[in-house]
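Participant: My structure is below; once you've seen it, I'll send some questions.
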Amino acid sequence: MKRIIRKMVCVAVVLSVCLTALSATVFARTKLYGLTKDEVFDCIWHKITQSSDGLKASLMYDECKEYVAETDFDHLDFDDTDGFNDFMKWYKNKLDGVEILPYSEKIIEYLKENPDADLIWSSYGVYDKNIQVETEDNMNASKKNNLYMQYDQKNISNILIWTYDSETNNFICKNDAGEIVRKVYAYSKPYYSNSESEASDNKQNSVSNLSNTDNVLEEKAADEAIEESETDMNESDSGIVVDYAEEQAEEISESGNAGDNTTAIIIIISGVVIVGVFAFLIIRQKTKKV
């Protein structure tokens, strides 16, 4: 019996040591004070790639360089998480109404007809005043093909299309005439990298002529998805509809803390179990003595 108790004590001690080491690693944050600009950039860029990938992260690369260059971190009590959150606020402010969404011909047509539309993204798709503009399935199809559209809420008529060129590892931005207006190196490769070559080749025609997008989205599938989504929607669903820009900002700022919260819960539960083991052993020993 004493042997068993000793083994249990050893296990509890080992677990407590492991949990202590784990918590120290998880909650460790890098202070930006005293770091070089390159080191600060590396810290924030690491956070960016944890929350974003592909086009989204690649567009932030040069912006992050600019943000780090113009910010005096030696006079700020910032760690890497603070720096990341501050950068995201700075970046959103600099975009000033520019939206980048998965490509959708339906959204493009809707925006042209309704320039004052305030698009909202939910788990069902994209809406404007509870009117469904596009389904989530079709938006996800564009994501998988690395096909995105960019527009400015102040100038809806100028909609740009982003595709991925696997040969040059660049994201290429074209206007509705098919002219290249910008290239961005893929500092972060697309999540759906297996289909990138096909996506780049198959979508060239849709970029030069926005009215011809049969290769991008199948209308039949889109209509069926819309009908199904509208049938499922009811008044209670409006409560979970979240503005896309706010949702993305919250998603980015909270993504760095989500893993910490989960790990904290695991550590607390494990700690309680260990304390329980010790309490059981102490009570058992006292009972024996009595």
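Going through the structure tokens in order, the chains are called A, B, and so on, while each chain numbers its residues from 1 and the ligands are numbered from 1 in the order shown.
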Could you pull the residues within 7 Å of stretch 131-134 of chain A, counting only C-alpha atoms, minus those fewer than 3 positions along the same chain, as a compact mmCIF listing (two decimals) with all heavy atoms, in the first residue's frame?

Facilitator:
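Dumped everything to selection06.txt:
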```txt
# COMPACT_ATOMS: atom_id res chain seq x y z
N LYS A 106 -22.58 37.93 -57.46
CA LYS A 106 -23.85 38.42 -56.91
C LYS A 106 -23.63 39.64 -56.02
O LYS A 106 -24.40 40.59 -56.04
CB LYS A 106 -24.55 37.31 -56.14
CG LYS A 106 -25.07 36.19 -57.03
CD LYS A 106 -25.82 35.16 -56.22
CE LYS A 106 -26.36 34.07 -57.14
NZ LYS A 106 -27.10 33.03 -56.40
N ILE A 107 -22.56 39.58 -55.22
CA ILE A 107 -22.26 40.72 -54.35
C ILE A 107 -21.86 41.93 -55.18
O ILE A 107 -22.27 43.06 -54.90
CB ILE A 107 -21.15 40.35 -53.34
CG1 ILE A 107 -21.68 39.35 -52.32
CG2 ILE A 107 -20.63 41.60 -52.63
CD1 ILE A 107 -20.67 38.93 -51.29
N GLY A 125 -24.23 33.33 -44.55
CA GLY A 125 -23.81 33.98 -45.78
C GLY A 125 -23.67 35.48 -45.58
O GLY A 125 -23.39 35.95 -44.49
N VAL A 126 -23.89 36.24 -46.67
CA VAL A 126 -23.76 37.69 -46.65
C VAL A 126 -25.13 38.33 -46.83
O VAL A 126 -25.90 37.92 -47.70
CB VAL A 126 -22.79 38.17 -47.75
CG1 VAL A 126 -22.64 39.68 -47.71
CG2 VAL A 126 -21.43 37.51 -47.59
N TYR A 127 -25.43 39.34 -45.99
CA TYR A 127 -26.74 39.97 -45.99
C TYR A 127 -26.63 41.48 -46.04
O TYR A 127 -25.60 42.06 -45.70
CB TYR A 127 -27.52 39.58 -44.73
CG TYR A 127 -27.87 38.12 -44.65
CD1 TYR A 127 -26.93 37.19 -44.20
CD2 TYR A 127 -29.12 37.65 -45.03
CE1 TYR A 127 -27.23 35.84 -44.14
CE2 TYR A 127 -29.44 36.31 -44.97
CZ TYR A 127 -28.49 35.41 -44.52
OH TYR A 127 -28.79 34.07 -44.46
N ASP A 128 -27.71 42.09 -46.47
CA ASP A 128 -27.88 43.53 -46.36
C ASP A 128 -29.31 43.76 -45.86
O ASP A 128 -30.28 43.47 -46.56
CB ASP A 128 -27.67 44.23 -47.70
CG ASP A 128 -27.88 45.73 -47.61
OD1 ASP A 128 -27.54 46.30 -46.56
OD2 ASP A 128 -28.40 46.32 -48.58
```

Participant: How far is it from atom CA of A:Tyr103 to atom CA of A:Asp86, in Å with one decimal?

Facilitator: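 Here the two named atoms are 28.7 Å from each other.
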
Participant: Tell me, as a PyMOL selection string, which residues lie within 12 Å of A:Asn140, counting only C-alpha atoms; anything in the same chain fewer than 6 positions away does not count.

Facilitator: chain A and resi 101-104+123-126+134+146-148+192+216-217+222

Participant: Write the residues you've just listed into a file as a compact mmCIF listing (two decimals), in the first residue's frame, and include N, CA, C and O atoms for each of them.

Facilitator:
```
# COMPACT_ATOMS: atom_id res chain seq x y z
N LEU A 101 -13.15 40.65 -49.71
CA LEU A 101 -14.01 39.50 -49.44
C LEU A 101 -13.79 38.43 -50.51
O LEU A 101 -13.31 38.72 -51.61
N PRO A 102 -14.14 37.18 -50.21
CA PRO A 102 -14.12 36.16 -51.26
C PRO A 102 -14.97 36.62 -52.44
O PRO A 102 -16.02 37.25 -52.27
N TYR A 103 -14.54 36.31 -53.63
CA TYR A 103 -15.21 36.79 -54.84
C TYR A 103 -16.64 36.30 -54.96
O TYR A 103 -16.95 35.14 -54.68
N SER A 104 -17.53 37.20 -55.40
CA SER A 104 -18.92 36.85 -55.65
C SER A 104 -19.51 37.80 -56.67
O SER A 104 -19.57 39.01 -56.42
N SER A 123 -23.10 33.21 -40.24
CA SER A 123 -22.83 31.81 -40.53
C SER A 123 -23.68 31.29 -41.69
O SER A 123 -23.48 30.18 -42.15
N TYR A 124 -24.63 32.09 -42.14
CA TYR A 124 -25.48 31.68 -43.26
C TYR A 124 -25.02 32.28 -44.59
O TYR A 124 -25.46 31.84 -45.65
N GLY A 125 -24.23 33.33 -44.55
CA GLY A 125 -23.81 33.98 -45.78
C GLY A 125 -23.67 35.48 -45.58
O GLY A 125 -23.39 35.95 -44.49
N VAL A 126 -23.89 36.24 -46.67
CA VAL A 126 -23.76 37.69 -46.65
C VAL A 126 -25.13 38.33 -46.83
O VAL A 126 -25.90 37.92 -47.70
N GLU A 134 -25.60 36.60 -50.71
CA GLU A 134 -24.79 35.47 -51.14
C GLU A 134 -24.76 34.43 -50.03
O GLU A 134 -24.94 34.74 -48.86
N ASN A 146 -8.81 30.68 -53.92
CA ASN A 146 -7.97 31.86 -53.71
C ASN A 146 -8.39 33.01 -54.61
O ASN A 146 -7.56 33.67 -55.24
N LEU A 147 -9.68 33.23 -54.69
CA LEU A 147 -10.25 34.28 -55.53
C LEU A 147 -10.97 35.29 -54.64
O LEU A 147 -11.93 34.95 -53.94
N TYR A 148 -10.49 36.54 -54.65
CA TYR A 148 -11.03 37.57 -53.77
C TYR A 148 -11.36 38.84 -54.55
O TYR A 148 -10.84 39.06 -55.65
N TYR A 192 -5.43 27.02 -49.03
CA TYR A 192 -5.82 26.01 -50.01
C TYR A 192 -4.82 26.05 -51.17
O TYR A 192 -5.11 26.56 -52.24
N VAL A 216 -16.60 30.52 -62.06
CA VAL A 216 -16.32 30.81 -60.67
C VAL A 216 -17.38 30.23 -59.75
O VAL A 216 -17.09 29.56 -58.78
N LEU A 217 -18.64 30.49 -60.06
CA LEU A 217 -19.73 30.02 -59.22
C LEU A 217 -20.81 29.39 -60.08
O LEU A 217 -21.19 29.96 -61.10
N ALA A 222 -25.82 27.88 -56.36
CA ALA A 222 -26.01 29.09 -55.57
C ALA A 222 -27.48 29.28 -55.23
O ALA A 222 -27.83 29.62 -54.09
```

Participant: If you measure from atom CA of A:Pro115 to atom CA of A:Ser142, what distance in Å do you get, rounded to one decimal?

Facilitator: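 According to the coordinates, atom CA of A:Pro115 and atom CA of A:Ser142 are separated by 22.6 Å.
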
Participant: So which residues touch A:His46 within 12 Å, counting only C-alpha atoms, skipping near sequence neighbours fewer than 6 positions away, as a PDB file with C-alpha atoms, in the first residue's frame?

Facilitator:
```
ATOM      1  CA  THR A  30       7.816  39.014 -25.228  1.00  0.00           C
ATOM      2  CA  GLU A  39      12.942  41.882 -33.771  1.00  0.00           C
ATOM      3  CA  VAL A  40       9.726  43.789 -33.083  1.00  0.00           C
ATOM      4  CA  SER A  52      -4.318  35.023 -40.875  1.00  0.00           C
ATOM      5  CA  ASP A  53      -2.880  33.382 -43.969  1.00  0.00           C
ATOM      6  CA  ALA A  57      -1.597  38.109 -44.163  1.00  0.00           C
ATOM      7  CA  MET A  60      -0.282  43.105 -43.945  1.00  0.00           C
ATOM      8  CA  TYR A  61       3.420  42.381 -44.439  1.00  0.00           C
ATOM      9  CA  CYS A  64       3.450  45.931 -40.583  1.00  0.00           C
ATOM     10  CA  ASP A  80       4.047  41.163 -28.568  1.00  0.00           C
ATOM     11  CA  THR A  81       0.281  40.755 -28.064  1.00  0.00           C
ATOM     12  CA  GLY A  83       1.872  45.301 -30.427  1.00  0.00           C
ATOM     13  CA  PHE A  84      -0.230  42.995 -32.583  1.00  0.00           C
ATOM     14  CA  TYR A 187       4.689  36.073 -47.735  1.00  0.00           C
ATOM     15  CA  SER A 188       2.083  33.671 -46.395  1.00  0.00           C
ATOM     16  CA  GLY A 256      -4.165  35.208 -29.789  1.00  0.00           C
TER      17      GLY A 256
END
```

Participant: Give me the residues near A:Leu95 as a PDB file with N, CA, C and O atoms, in the first residue's frame, where near means some atom within 12 Å (using only C-alpha atoms) and where sequence neighbours in that chain fewer than 2 positions away do not count.

Facilitator:
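Saved the output as part.pdb:
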```
ATOM      1  N   LEU A  59      -0.966  40.939 -47.431  1.00  0.00           N
ATOM      2  CA  LEU A  59      -1.245  42.371 -47.555  1.00  0.00           C
ATOM      3  C   LEU A  59      -0.793  43.139 -46.317  1.00  0.00           C
ATOM      4  O   LEU A  59      -0.533  44.345 -46.375  1.00  0.00           O
ATOM      5  N   MET A  60      -0.696  42.446 -45.184  1.00  0.00           N
ATOM      6  CA  MET A  60      -0.282  43.105 -43.945  1.00  0.00           C
ATOM      7  C   MET A  60       1.235  43.198 -43.800  1.00  0.00           C
ATOM      8  O   MET A  60       1.726  43.926 -42.939  1.00  0.00           O
ATOM      9  N   GLU A  63       2.656  46.625 -44.614  1.00  0.00           N
ATOM     10  CA  GLU A  63       1.996  47.550 -43.694  1.00  0.00           C
ATOM     11  C   GLU A  63       2.581  47.404 -42.288  1.00  0.00           C
ATOM     12  O   GLU A  63       2.758  48.391 -41.565  1.00  0.00           O
ATOM     13  N   MET A  88      -3.305  46.010 -35.544  1.00  0.00           N
ATOM     14  CA  MET A  88      -4.575  45.724 -36.201  1.00  0.00           C
ATOM     15  C   MET A  88      -5.492  46.947 -36.195  1.00  0.00           C
ATOM     16  O   MET A  88      -6.193  47.209 -37.190  1.00  0.00           O
ATOM     17  N   LYS A  89      -5.482  47.720 -35.109  1.00  0.00           N
ATOM     18  CA  LYS A  89      -6.271  48.953 -35.069  1.00  0.00           C
ATOM     19  C   LYS A  89      -5.728  49.959 -36.086  1.00  0.00           C
ATOM     20  O   LYS A  89      -6.482  50.619 -36.801  1.00  0.00           O
ATOM     21  N   TRP A  90      -4.406  50.066 -36.122  1.00  0.00           N
ATOM     22  CA  TRP A  90      -3.739  50.976 -37.060  1.00  0.00           C
ATOM     23  C   TRP A  90      -4.049  50.576 -38.499  1.00  0.00           C
ATOM     24  O   TRP A  90      -4.354  51.425 -39.344  1.00  0.00           O
ATOM     25  N   TYR A  91      -4.012  49.288 -38.774  1.00  0.00           N
ATOM     26  CA  TYR A  91      -4.240  48.772 -40.131  1.00  0.00           C
ATOM     27  C   TYR A  91      -5.693  48.999 -40.565  1.00  0.00           C
ATOM     28  O   TYR A  91      -5.960  49.437 -41.690  1.00  0.00           O
ATOM     29  N   LYS A  92      -6.636  48.716 -39.689  1.00  0.00           N
ATOM     30  CA  LYS A  92      -8.052  48.907 -40.006  1.00  0.00           C
ATOM     31  C   LYS A  92      -8.345  50.383 -40.270  1.00  0.00           C
ATOM     32  O   LYS A  92      -9.095  50.723 -41.190  1.00  0.00           O
ATOM     33  N   ASN A  93      -7.730  51.258 -39.483  1.00  0.00           N
ATOM     34  CA  ASN A  93      -7.918  52.688 -39.678  1.00  0.00           C
ATOM     35  C   ASN A  93      -7.344  53.143 -41.017  1.00  0.00           C
ATOM     36  O   ASN A  93      -7.911  53.994 -41.702  1.00  0.00           O
ATOM     37  N   GLY A  97     -12.446  51.861 -44.863  1.00  0.00           N
ATOM     38  CA  GLY A  97     -13.599  51.491 -45.678  1.00  0.00           C
ATOM     39  C   GLY A  97     -13.315  50.497 -46.783  1.00  0.00           C
ATOM     40  O   GLY A  97     -14.240  50.027 -47.453  1.00  0.00           O
ATOM     41  N   VAL A  98     -12.053  50.154 -47.016  1.00  0.00           N
ATOM     42  CA  VAL A  98     -11.717  49.174 -48.043  1.00  0.00           C
ATOM     43  C   VAL A  98     -12.025  47.766 -47.521  1.00  0.00           C
ATOM     44  O   VAL A  98     -11.613  47.402 -46.432  1.00  0.00           O
ATOM     45  N   GLU A  99     -12.765  47.011 -48.301  1.00  0.00           N
ATOM     46  CA  GLU A  99     -13.143  45.647 -47.921  1.00  0.00           C
ATOM     47  C   GLU A  99     -12.528  44.646 -48.889  1.00  0.00           C
ATOM     48  O   GLU A  99     -12.462  44.902 -50.094  1.00  0.00           O
ATOM     49  N   ILE A 100     -12.084  43.516 -48.358  1.00  0.00           N
ATOM     50  CA  ILE A 100     -11.587  42.418 -49.192  1.00  0.00           C
ATOM     51  C   ILE A 100     -12.348  41.169 -48.782  1.00  0.00           C
ATOM     52  O   ILE A 100     -12.219  40.698 -47.654  1.00  0.00           O
ATOM     53  N   GLN A 150     -11.901  43.179 -54.060  1.00  0.00           N
ATOM     54  CA  GLN A 150     -11.603  44.324 -53.201  1.00  0.00           C
ATOM     55  C   GLN A 150     -12.419  45.513 -53.671  1.00  0.00           C
ATOM     56  O   GLN A 150     -12.499  45.797 -54.860  1.00  0.00           O
ATOM     57  N   TYR A 151     -13.036  46.203 -52.740  1.00  0.00           N
ATOM     58  CA  TYR A 151     -13.797  47.395 -53.109  1.00  0.00           C
ATOM     59  C   TYR A 151     -13.736  48.408 -51.975  1.00  0.00           C
ATOM     60  O   TYR A 151     -13.507  48.073 -50.818  1.00  0.00           O
ATOM     61  N   ASP A 152     -13.936  49.656 -52.350  1.00  0.00           N
ATOM     62  CA  ASP A 152     -13.960  50.752 -51.391  1.00  0.00           C
ATOM     63  C   ASP A 152     -15.410  51.186 -51.235  1.00  0.00           C
ATOM     64  O   ASP A 152     -16.090  51.466 -52.223  1.00  0.00           O
ATOM     65  N   GLN A 153     -15.885  51.242 -50.009  1.00  0.00           N
ATOM     66  CA  GLN A 153     -17.267  51.633 -49.773  1.00  0.00           C
ATOM     67  C   GLN A 153     -17.562  53.042 -50.282  1.00  0.00           C
ATOM     68  O   GLN A 153     -18.711  53.384 -50.541  1.00  0.00           O
ATOM     69  N   LYS A 154     -16.515  53.849 -50.450  1.00  0.00           N
ATOM     70  CA  LYS A 154     -16.700  55.205 -50.968  1.00  0.00           C
ATOM     71  C   LYS A 154     -16.720  55.231 -52.495  1.00  0.00           C
ATOM     72  O   LYS A 154     -17.057  56.245 -53.101  1.00  0.00           O
ATOM     73  N   ALA A 245     -16.792  43.527 -40.848  1.00  0.00           N
ATOM     74  CA  ALA A 245     -15.544  44.196 -40.451  1.00  0.00           C
ATOM     75  C   ALA A 245     -15.299  44.056 -38.963  1.00  0.00           C
ATOM     76  O   ALA A 245     -14.183  43.768 -38.533  1.00  0.00           O
TER      77      ALA A 245
END
```

Participant: Enter the distance from atom CA of A:Glu167 to atom CA of A:Ser58, in Å, rounded to one decimal.

Facilitator: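 Separation of atom CA of A:Glu167 and atom CA of A:Ser58: 16.6 Å.
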
Participant: Find the residue from A:Lys144, A:Phe171, A:Lys56, A:Cys43 that sits nearest to A:Phe78; use only C-alpha atoms when measuring.

Facilitator: A:Cys43
